[in-house]
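Okay, model_11.txt is below, compact mmCIF, C-alpha atoms and all ligand atoms:
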# COMPACT_ATOMS: atom_id res chain seq x y z
CA MET Q 1 32.78 127.70 78.49
CA ARG Q 2 33.28 131.32 79.41
CA ILE Q 3 36.26 133.43 78.32
CA ASP Q 4 36.93 136.81 79.92
CA ILE Q 5 39.51 139.04 78.27
CA ILE Q 6 41.09 142.02 80.00
CA THR Q 7 42.53 144.66 77.68
CA CYS Q 8 43.19 148.38 77.50
CA LEU Q 9 42.20 148.30 73.81
CA PRO Q 10 38.76 146.62 73.80
CA LYS Q 11 37.95 147.84 70.28
CA LEU Q 12 40.66 145.57 68.89
CA LEU Q 13 38.63 142.60 70.10
CA GLU Q 14 35.25 143.60 68.68
CA SER Q 15 35.36 142.12 65.20
CA PRO Q 16 37.03 138.73 65.82
CA PHE Q 17 34.08 137.66 67.95
CA SER Q 18 31.29 139.21 65.92
CA ASP Q 19 31.44 137.12 62.79
CA SER Q 20 31.35 133.58 61.46
CA ILE Q 21 32.12 130.61 63.72
CA LEU Q 22 32.88 132.59 66.89
CA LYS Q 23 29.66 134.59 66.55
CA ARG Q 24 27.63 131.41 65.98
CA ALA Q 25 29.25 129.67 68.95
CA GLN Q 26 28.08 132.53 71.16
CA SER Q 27 24.56 132.64 69.71
CA LYS Q 28 24.29 128.89 70.27
CA ARG Q 29 25.34 129.57 73.88
CA LEU Q 30 28.27 127.18 73.62
CA VAL Q 31 30.63 129.91 74.74
CA GLU Q 32 30.41 133.34 76.37
CA VAL Q 33 33.11 135.86 75.57
CA HIS Q 34 33.35 139.02 77.68
CA VAL Q 35 35.84 141.77 76.94
CA HIS Q 36 36.71 144.06 79.85
CA ASP Q 37 38.17 147.53 79.41
CA LEU Q 38 41.03 147.85 81.87
CA ARG Q 39 40.50 151.62 82.01
CA GLN Q 40 37.25 151.07 83.86
CA TYR Q 41 39.32 149.69 86.73
CA ALA Q 42 41.80 152.58 86.81
CA ILE Q 43 42.40 154.08 90.23
CA ASP Q 44 42.66 157.73 89.20
CA LYS Q 45 40.25 160.10 87.52
CA HIS Q 46 42.38 160.23 84.37
CA LYS Q 47 41.73 156.51 83.88
CA ARG Q 48 45.42 155.82 83.73
CA VAL Q 49 46.43 152.18 83.42
CA ASP Q 50 50.13 152.45 82.59
CA ASP Q 51 53.14 154.24 84.04
CA TYR Q 52 56.87 154.70 83.56
CA ALA Q 53 59.15 151.77 84.36
CA TYR Q 54 61.06 151.99 87.64
CA GLY Q 55 64.74 152.24 86.85
CA GLY Q 56 64.05 154.09 83.61
CA GLY Q 57 63.99 152.92 80.03
CA ALA Q 58 61.62 153.41 77.12
CA GLY Q 59 58.06 152.16 77.17
CA MET Q 60 55.19 152.18 79.57
CA VAL Q 61 54.26 149.35 81.92
CA LEU Q 62 50.71 148.26 82.77
CA MET Q 63 50.06 149.10 86.42
CA VAL Q 64 49.34 146.52 89.05
CA GLU Q 65 46.27 148.11 90.72
CA PRO Q 66 43.81 148.32 87.77
CA ILE Q 67 44.63 144.75 86.74
CA VAL Q 68 44.20 143.38 90.26
CA ARG Q 69 40.93 145.27 90.69
CA CYS Q 70 39.62 143.82 87.46
CA ILE Q 71 40.78 140.26 88.20
CA ARG Q 72 39.28 140.38 91.71
CA ALA Q 73 35.98 141.76 90.44
CA LEU Q 74 35.74 138.85 88.00
CA GLN Q 75 36.88 136.29 90.55
CA ALA Q 76 34.11 137.42 92.88
CA ASP Q 77 31.62 135.84 90.48
CA ARG Q 78 33.47 132.69 89.41
CA GLU Q 79 36.61 130.67 89.77
CA TYR Q 80 38.99 130.62 86.81
CA ASP Q 81 40.71 127.44 85.62
CA ASP Q 82 43.55 129.55 84.27
CA ILE Q 83 44.57 133.19 84.21
CA ILE Q 84 46.48 133.47 80.97
CA TYR Q 85 48.88 136.28 80.12
CA THR Q 86 49.75 136.77 76.44
CA SER Q 87 53.40 137.52 75.93
CA PRO Q 88 56.10 136.77 73.35
CA ASP Q 89 58.18 135.08 76.05
CA GLY Q 90 55.40 132.70 77.11
CA GLU Q 91 55.00 128.99 76.40
CA LEU Q 92 54.38 128.43 72.68
CA PHE Q 93 50.66 128.08 71.96
CA THR Q 94 50.20 124.86 69.98
CA GLN Q 95 47.30 122.57 69.09
CA PRO Q 96 47.83 120.38 72.20
CA VAL Q 97 47.59 123.52 74.37
CA ALA Q 98 44.38 124.52 72.54
CA ASN Q 99 42.98 121.02 73.14
CA GLU Q 100 43.83 121.26 76.82
CA LEU Q 101 42.18 124.66 77.22
CA SER Q 102 39.06 123.64 75.27
CA ILE Q 103 37.84 121.45 78.14
CA LYS Q 104 38.10 124.20 80.77
CA LYS Q 105 35.08 126.02 82.12
CA ASN Q 106 36.31 129.56 82.81
CA LEU Q 107 39.35 131.18 81.25
CA LEU Q 108 40.65 134.65 81.94
CA ILE Q 109 43.04 136.17 79.42
CA LEU Q 110 45.05 139.26 80.28
CA CYS Q 111 46.40 141.01 77.19
CA GLY Q 112 49.93 142.31 77.53
CA HIS Q 113 50.70 145.74 76.15
CA TYR Q 114 53.34 148.41 75.74
CA LYS Q 115 56.54 147.31 77.43
CA GLY Q 116 54.69 144.72 79.45
CA VAL Q 117 52.89 144.34 82.70
CA ASP Q 118 54.15 144.90 86.24
CA GLU Q 119 56.02 141.69 87.10
CA ARG Q 120 54.01 141.24 90.32
CA ILE Q 121 50.99 140.40 88.19
CA ARG Q 122 52.90 137.69 86.38
CA GLU Q 123 54.32 136.29 89.58
CA HIS Q 124 51.23 136.29 91.75
CA PHE Q 125 48.10 136.29 89.59
CA VAL Q 126 48.87 134.74 86.22
CA THR Q 127 48.80 130.92 86.05
CA ARG Q 128 49.88 130.45 82.44
CA GLU Q 129 51.77 132.59 79.92
CA LEU Q 130 51.26 131.96 76.22
CA SER Q 131 53.01 133.18 73.08
CA ILE Q 132 51.42 132.64 69.69
CA GLY Q 133 54.77 132.65 67.88
CA ASN Q 134 58.33 133.84 67.83
CA TYR Q 135 57.63 137.41 66.78
CA VAL Q 136 56.55 140.50 68.65
CA LEU Q 137 53.06 141.95 68.20
CA SER Q 138 52.08 145.48 69.23
CA GLY Q 139 50.00 144.01 72.01
CA GLY Q 140 48.44 140.83 73.30
CA GLU Q 141 44.95 141.45 71.87
CA LEU Q 142 45.52 139.66 68.58
CA ALA Q 143 47.15 136.81 70.49
CA ALA Q 144 44.10 136.59 72.78
CA ALA Q 145 41.84 136.45 69.70
CA VAL Q 146 43.96 133.72 68.13
CA ILE Q 147 43.98 131.64 71.32
CA SER Q 148 40.21 132.07 71.81
CA ASP Q 149 39.48 131.14 68.21
CA ALA Q 150 41.61 127.98 68.31
CA VAL Q 151 40.00 126.95 71.61
CA ILE Q 152 36.36 127.80 70.84
CA ARG Q 153 36.26 125.86 67.56
CA LEU Q 154 37.13 122.71 69.53
CA ILE Q 155 34.09 122.94 71.79
CA PRO Q 156 31.64 120.19 70.76
CA GLY Q 157 28.82 121.60 68.65
CA VAL Q 158 30.67 124.73 67.53
CA LEU Q 159 31.61 123.34 64.13
CA SER Q 160 28.64 122.08 62.17
CA ASP Q 161 30.55 118.97 61.06
CA GLU Q 162 31.50 117.37 64.39
CA THR Q 163 34.48 115.60 62.91
CA SER Q 164 36.05 118.55 61.18
CA ALA Q 165 38.08 119.79 64.14
CA LEU Q 166 39.53 116.31 64.53
CA THR Q 167 40.73 116.25 60.94
CA ASP Q 168 42.40 119.68 61.20
CA SER Q 169 46.09 120.03 60.55
CA PHE Q 170 48.11 119.22 63.69
CA GLN Q 171 45.42 117.18 65.44
CA ASP Q 172 47.19 113.96 64.53
CA GLY Q 173 50.63 115.57 64.35
CA LEU Q 174 50.32 115.91 60.56
CA VAL Q 175 49.36 118.81 58.31
CA ALA Q 176 46.08 118.53 56.37
CA PRO Q 177 45.95 116.92 52.90
CA PRO Q 178 45.13 119.03 49.81
CA VAL Q 179 41.45 119.70 49.05
CA TYR Q 180 39.66 120.45 45.78
CA THR Q 181 36.18 121.50 44.70
CA ARG Q 182 34.35 121.88 41.40
CA PRO Q 183 35.17 121.98 38.52
CA ALA Q 184 36.97 118.64 38.17
CA GLU Q 185 39.12 120.21 35.46
CA PHE Q 186 40.18 123.85 35.17
CA GLU Q 187 42.27 124.95 32.16
CA GLY Q 188 43.69 121.44 31.94
CA LEU Q 189 44.42 121.24 35.70
CA LYS Q 190 42.75 118.09 36.97
CA VAL Q 191 41.56 117.04 40.39
CA PRO Q 192 43.30 113.77 41.41
CA GLY Q 193 41.22 110.90 40.04
CA VAL Q 194 40.99 109.06 43.35
CA LEU Q 195 38.88 111.91 44.83
CA LEU Q 196 36.31 111.46 42.06
CA SER Q 197 36.25 107.67 42.41
CA GLY Q 198 33.75 107.48 45.25
CA HIS Q 199 35.96 104.76 46.79
CA GLU Q 200 36.03 105.82 50.46
CA LYS Q 201 38.88 103.57 51.58
CA ASN Q 202 41.16 104.63 48.73
CA ILE Q 203 40.34 108.29 49.36
CA GLU Q 204 41.15 107.94 53.04
CA GLN Q 205 44.44 106.18 52.22
CA TRP Q 206 45.36 108.84 49.63
CA ARG Q 207 44.64 111.65 52.09
CA PHE Q 208 46.75 110.03 54.75
CA GLU Q 209 49.68 109.56 52.35
CA GLN Q 210 49.38 113.18 51.20
CA SER Q 211 49.37 114.36 54.82
CA VAL Q 212 52.51 112.39 55.63
CA GLN Q 213 54.27 113.58 52.46
CA ARG Q 214 53.30 117.22 53.07
CA THR Q 215 54.42 117.07 56.66
CA GLN Q 216 57.79 115.65 55.58
CA GLU Q 217 58.18 118.35 52.93
CA ARG Q 218 56.80 121.39 54.75
CA ARG Q 219 56.93 120.80 58.49
CA PRO Q 220 59.45 117.99 59.14
CA GLY Q 221 59.80 119.23 62.74
CA LEU Q 222 56.30 117.91 63.48
CA LEU Q 223 57.54 114.36 62.88
CA GLY Q 224 60.47 114.70 65.27
CA ASP Q 225 60.69 115.20 69.00
CA ASP Q 226 60.36 118.97 68.78
CA LYS Q 227 56.73 119.38 67.74
CA THR Q 228 56.98 123.16 67.55
CA ASN Q 229 58.79 123.48 64.18
N1 LIG G 1 52.34 140.02 72.65
C1 LIG G 1 53.28 140.49 71.80
N2 LIG G 1 53.74 139.54 71.00
C2 LIG G 1 53.11 138.38 71.36
C3 LIG G 1 53.18 137.04 70.91
N3 LIG G 1 54.01 136.66 69.94
N4 LIG G 1 52.38 136.15 71.50
C4 LIG G 1 51.56 136.51 72.50
N5 LIG G 1 51.45 137.75 72.96
C5 LIG G 1 52.22 138.70 72.40
Rendering of file as structure tokens:
Amino acid sequence: MRIDIITCLPKLLESPFSDSILKRAQSKRLVEVHVHDLRQYAIDKHKRVDDYAYGGGAGMVLMVEPIVRCIRALQADREYDDIIYTSPDGELFTQPVANELSIKKNLLILCGHYKGVDERIREHFVTRELSIGNYVLSGGELAAAVISDAVIRLIPGVLSDETSALTDSFQDGLVAPPVYTRPAEFEGLKVPGVLLSGHEKNIEQWRFEQSVQRTQERRPGLLGDDKTN
């Protein structure tokens, strides 16, 4: 898979991809992540990428020309399965959406910023708009990092234990069961006996029951029709 990210704040996207699982996924050549500085596609010598909103109002709007120049330059080399725009009013990014994106070949993510992006970009170039939650971030960069992380870890071979992405919270519509590590007892607080029993079937059953109970207690919406609560 290849992910291209267009942003006017490329520095914000340096560290999320240069450590841990996302770094390893790139070194293993399972994914390529390329961050593109929108300013390099500016049409004036001041490298301007935003301008005042027509009709007035506070906040700057990302201009259409630099974005289109950047998108077209990238499209000249490959076809994108989706051109994603990160925005608080987009479709809610959930595990099923991450699963869907993880089997794509080329994704392009355009980070929203300031007051937004010229609507013509959203209407004519973007194919999917995603929000990572019902709150407003200062820009779409952190959202792009969150989306990329959730997608990349699903690519086969990225996680060392092949099954671990499948047992994540949300993959089966349930949250994950509790986990413990050594010591078996800490200041009188004991690890549940079943986990020390070595009895695989009982452990599996206990984990499932814990997942169901936790989901009922903490995220009952996941058990209903609206899977987003
Ligand atoms: N940009 C600002 N807020 C956002 C959000 N919640 N999700 C995606 N992009 C955003």
Original post:
Could you list, as a ChimeraX atom specification, all the residues within 7 Å of ligand LIG 1 (chain G), counting all atoms listed in the file?
Top reply: /Q:86-88,112-113,130-140,143
Find the nearest atom pair between each residue of range 94-210 of chain Q and range 215-224 of chain Q for residues within 8 Å, count only C-alpha atoms, give distances in Å to one decimal, sort rows by chain and ascending number, and present the table as a tab-separated table.
residue	atom	partner	partner_atom	distance
Q:Gly173	CA	Q:Leu222	CA	6.2
Q:Leu174	CA	Q:Thr215	CA	5.8
Q:Val175	CA	Q:Thr215	CA	5.6
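The nearest approach to Ser18 in chain Q among the residues Q:Asp4, Q:Asp89, Q:Glu204, Q:Asp149, with all atoms listed in the file taken into account, belongs to Q:Asp149.
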Subject >> Q:Thr7, Q:Gln26, Q:Asn99, Q:Gln75 ranked by distance to Leu166 in chain Q, top pick (using all atoms listed in the file) >> reply: Q:Asn99
Original post:
Near His124 in chain Q, within 12 Å and counting all atoms listed in the file, which residues show up once chain neighbours fewer than 6 positions away are dropped, as a PyMOL selection string?
Top reply: chain Q and resi 64+67-68+71+83+85+118
Padded axis-aligned box of range 160-178 of chain Q (5 Å per side), centre and edge lengths, Å, one decimal, as AutoDock Vina command-line options:
--center_x 39.6 --center_y 118.0 --center_z 57.6 --size_x 32.0 --size_y 18.1 --size_z 25.6
**OP:** Find the residues near Leu62 in chain Q: any atom within 12 Å, counting all atoms listed in the file, skip ones fewer than 2 places away on the same chain, and give them as a PyMOL selection string.
**Re:** chain Q and resi 6-8+38-39+42+48-53+59-60+64-68+110-122+139
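Here CA of Glu209 in chain Q is placed at a distance of 13.5 Å from CA of Val179 in chain Q.
CA of Asp37 in chain Q is found 15.2 Å from CA of Ala145 in chain Q.
Comparing the minimum interatomic distances between Gln95 in chain Q and each of Q:Ala165, Q:Ala73, Q:Ile43, Q:Val33, counting all atoms listed in the file, we find that Q:Ala165 sits nearest.
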Is there a way to complete range 201-212 of chain Q with all heavy atoms and then write that out as an mmCIF file, in the frame of the given file?
data_model
loop_
_atom_site.group_PDB
_atom_site.id
_atom_site.type_symbol
_atom_site.label_atom_id
_atom_site.label_comp_id
_atom_site.auth_asym_id
_atom_site.auth_seq_id
_atom_site.Cartn_x
_atom_site.Cartn_y
_atom_site.Cartn_z
ATOM 1 N N LYS Q 201 37.637 104.083 50.991
ATOM 2 C CA LYS Q 201 38.880 103.570 51.580
ATOM 3 C C LYS Q 201 40.106 104.117 50.861
ATOM 4 O O LYS Q 201 41.090 104.533 51.488
ATOM 5 C CB LYS Q 201 38.891 102.030 51.512
ATOM 6 C CG LYS Q 201 38.360 101.387 52.774
ATOM 7 C CD LYS Q 201 39.124 100.115 53.048
ATOM 8 C CE LYS Q 201 39.484 100.053 54.512
ATOM 9 N NZ LYS Q 201 38.943 99.005 55.255
ATOM 10 N N ASN Q 202 40.028 104.116 49.506
ATOM 11 C CA ASN Q 202 41.160 104.630 48.730
ATOM 12 C C ASN Q 202 41.362 106.129 48.976
ATOM 13 O O ASN Q 202 42.482 106.616 49.042
ATOM 14 C CB ASN Q 202 40.939 104.396 47.225
ATOM 15 C CG ASN Q 202 41.082 102.922 46.870
ATOM 16 O OD1 ASN Q 202 41.422 102.116 47.749
ATOM 17 N ND2 ASN Q 202 40.823 102.568 45.621
ATOM 18 N N ILE Q 203 40.254 106.840 49.121
ATOM 19 C CA ILE Q 203 40.340 108.290 49.360
ATOM 20 C C ILE Q 203 41.015 108.550 50.708
ATOM 21 O O ILE Q 203 41.919 109.368 50.828
ATOM 22 C CB ILE Q 203 38.935 108.939 49.289
ATOM 23 C CG1 ILE Q 203 38.399 108.868 47.866
ATOM 24 C CG2 ILE Q 203 38.976 110.377 49.788
ATOM 25 C CD1 ILE Q 203 36.946 109.296 47.709
ATOM 26 N N GLU Q 204 40.580 107.786 51.701
ATOM 27 C CA GLU Q 204 41.150 107.940 53.040
ATOM 28 C C GLU Q 204 42.656 107.649 53.029
ATOM 29 O O GLU Q 204 43.462 108.393 53.593
ATOM 30 C CB GLU Q 204 40.431 106.959 53.986
ATOM 31 C CG GLU Q 204 40.568 107.315 55.441
ATOM 32 C CD GLU Q 204 39.919 106.252 56.312
ATOM 33 O OE1 GLU Q 204 38.788 105.817 55.981
ATOM 34 O OE2 GLU Q 204 40.565 105.834 57.275
ATOM 35 N N GLN Q 205 43.030 106.564 52.330
ATOM 36 C CA GLN Q 205 44.440 106.180 52.220
ATOM 37 C C GLN Q 205 45.249 107.263 51.511
ATOM 38 O O GLN Q 205 46.319 107.662 51.946
ATOM 39 C CB GLN Q 205 44.531 104.831 51.467
ATOM 40 C CG GLN Q 205 45.948 104.314 51.204
ATOM 41 C CD GLN Q 205 46.668 103.950 52.509
ATOM 42 O OE1 GLN Q 205 46.020 103.720 53.531
ATOM 43 N NE2 GLN Q 205 47.998 103.941 52.485
ATOM 44 N N TRP Q 206 44.678 107.795 50.415
ATOM 45 C CA TRP Q 206 45.360 108.840 49.630
ATOM 46 C C TRP Q 206 45.558 110.081 50.507
ATOM 47 O O TRP Q 206 46.634 110.678 50.520
ATOM 48 C CB TRP Q 206 44.509 109.185 48.395
ATOM 49 C CG TRP Q 206 45.119 110.254 47.524
ATOM 50 C CD1 TRP Q 206 46.033 110.079 46.524
ATOM 51 C CD2 TRP Q 206 44.847 111.666 47.577
ATOM 52 N NE1 TRP Q 206 46.354 111.285 45.955
ATOM 53 C CE2 TRP Q 206 45.636 112.283 46.584
ATOM 54 C CE3 TRP Q 206 44.022 112.464 48.365
ATOM 55 C CZ2 TRP Q 206 45.619 113.652 46.354
ATOM 56 C CZ3 TRP Q 206 44.009 113.828 48.129
ATOM 57 C CH2 TRP Q 206 44.796 114.426 47.138
ATOM 58 N N ARG Q 207 44.536 110.451 51.247
ATOM 59 C CA ARG Q 207 44.640 111.650 52.090
ATOM 60 C C ARG Q 207 45.714 111.477 53.157
ATOM 61 O O ARG Q 207 46.479 112.398 53.429
ATOM 62 C CB ARG Q 207 43.286 111.964 52.755
ATOM 63 C CG ARG Q 207 42.310 112.550 51.760
ATOM 64 C CD ARG Q 207 41.041 113.025 52.426
ATOM 65 N NE ARG Q 207 40.246 113.803 51.496
ATOM 66 C CZ ARG Q 207 38.923 113.827 51.460
ATOM 67 N NH1 ARG Q 207 38.232 113.107 52.330
ATOM 68 N NH2 ARG Q 207 38.297 114.564 50.577
ATOM 69 N N PHE Q 208 45.744 110.291 53.721
ATOM 70 C CA PHE Q 208 46.750 110.030 54.750
ATOM 71 C C PHE Q 208 48.157 110.146 54.165
ATOM 72 O O PHE Q 208 49.037 110.809 54.719
ATOM 73 C CB PHE Q 208 46.527 108.645 55.380
ATOM 74 C CG PHE Q 208 47.588 108.275 56.379
ATOM 75 C CD1 PHE Q 208 47.685 108.951 57.589
ATOM 76 C CD2 PHE Q 208 48.529 107.282 56.092
ATOM 77 C CE1 PHE Q 208 48.685 108.629 58.509
ATOM 78 C CE2 PHE Q 208 49.528 106.957 57.004
ATOM 79 C CZ PHE Q 208 49.600 107.640 58.216
ATOM 80 N N GLU Q 209 48.355 109.513 52.995
ATOM 81 C CA GLU Q 209 49.680 109.560 52.350
ATOM 82 C C GLU Q 209 50.072 110.996 52.019
ATOM 83 O O GLU Q 209 51.214 111.403 52.197
ATOM 84 C CB GLU Q 209 49.678 108.704 51.073
ATOM 85 C CG GLU Q 209 49.713 107.218 51.376
ATOM 86 C CD GLU Q 209 49.329 106.355 50.174
ATOM 87 O OE1 GLU Q 209 49.220 106.908 49.045
ATOM 88 O OE2 GLU Q 209 49.127 105.159 50.377
ATOM 89 N N GLN Q 210 49.104 111.769 51.532
ATOM 90 C CA GLN Q 210 49.380 113.180 51.200
ATOM 91 C C GLN Q 210 49.772 113.960 52.459
ATOM 92 O O GLN Q 210 50.656 114.795 52.425
ATOM 93 C CB GLN Q 210 48.134 113.818 50.569
ATOM 94 C CG GLN Q 210 47.836 113.307 49.183
ATOM 95 C CD GLN Q 210 48.833 113.836 48.154
ATOM 96 O OE1 GLN Q 210 49.212 115.006 48.185
ATOM 97 N NE2 GLN Q 210 49.269 112.974 47.259
ATOM 98 N N SER Q 211 49.072 113.672 53.562
ATOM 99 C CA SER Q 211 49.370 114.360 54.820
ATOM 100 C C SER Q 211 50.794 114.068 55.270
ATOM 101 O O SER Q 211 51.536 114.970 55.662
ATOM 102 C CB SER Q 211 48.423 113.907 55.928
ATOM 103 O OG SER Q 211 47.229 114.581 55.829
ATOM 104 N N VAL Q 212 51.164 112.785 55.198
ATOM 105 C CA VAL Q 212 52.510 112.390 55.630
ATOM 106 C C VAL Q 212 53.546 113.060 54.734
ATOM 107 O O VAL Q 212 54.512 113.676 55.217
ATOM 108 C CB VAL Q 212 52.669 110.857 55.607
ATOM 109 C CG1 VAL Q 212 54.110 110.451 55.871
ATOM 110 C CG2 VAL Q 212 51.736 110.210 56.619
#
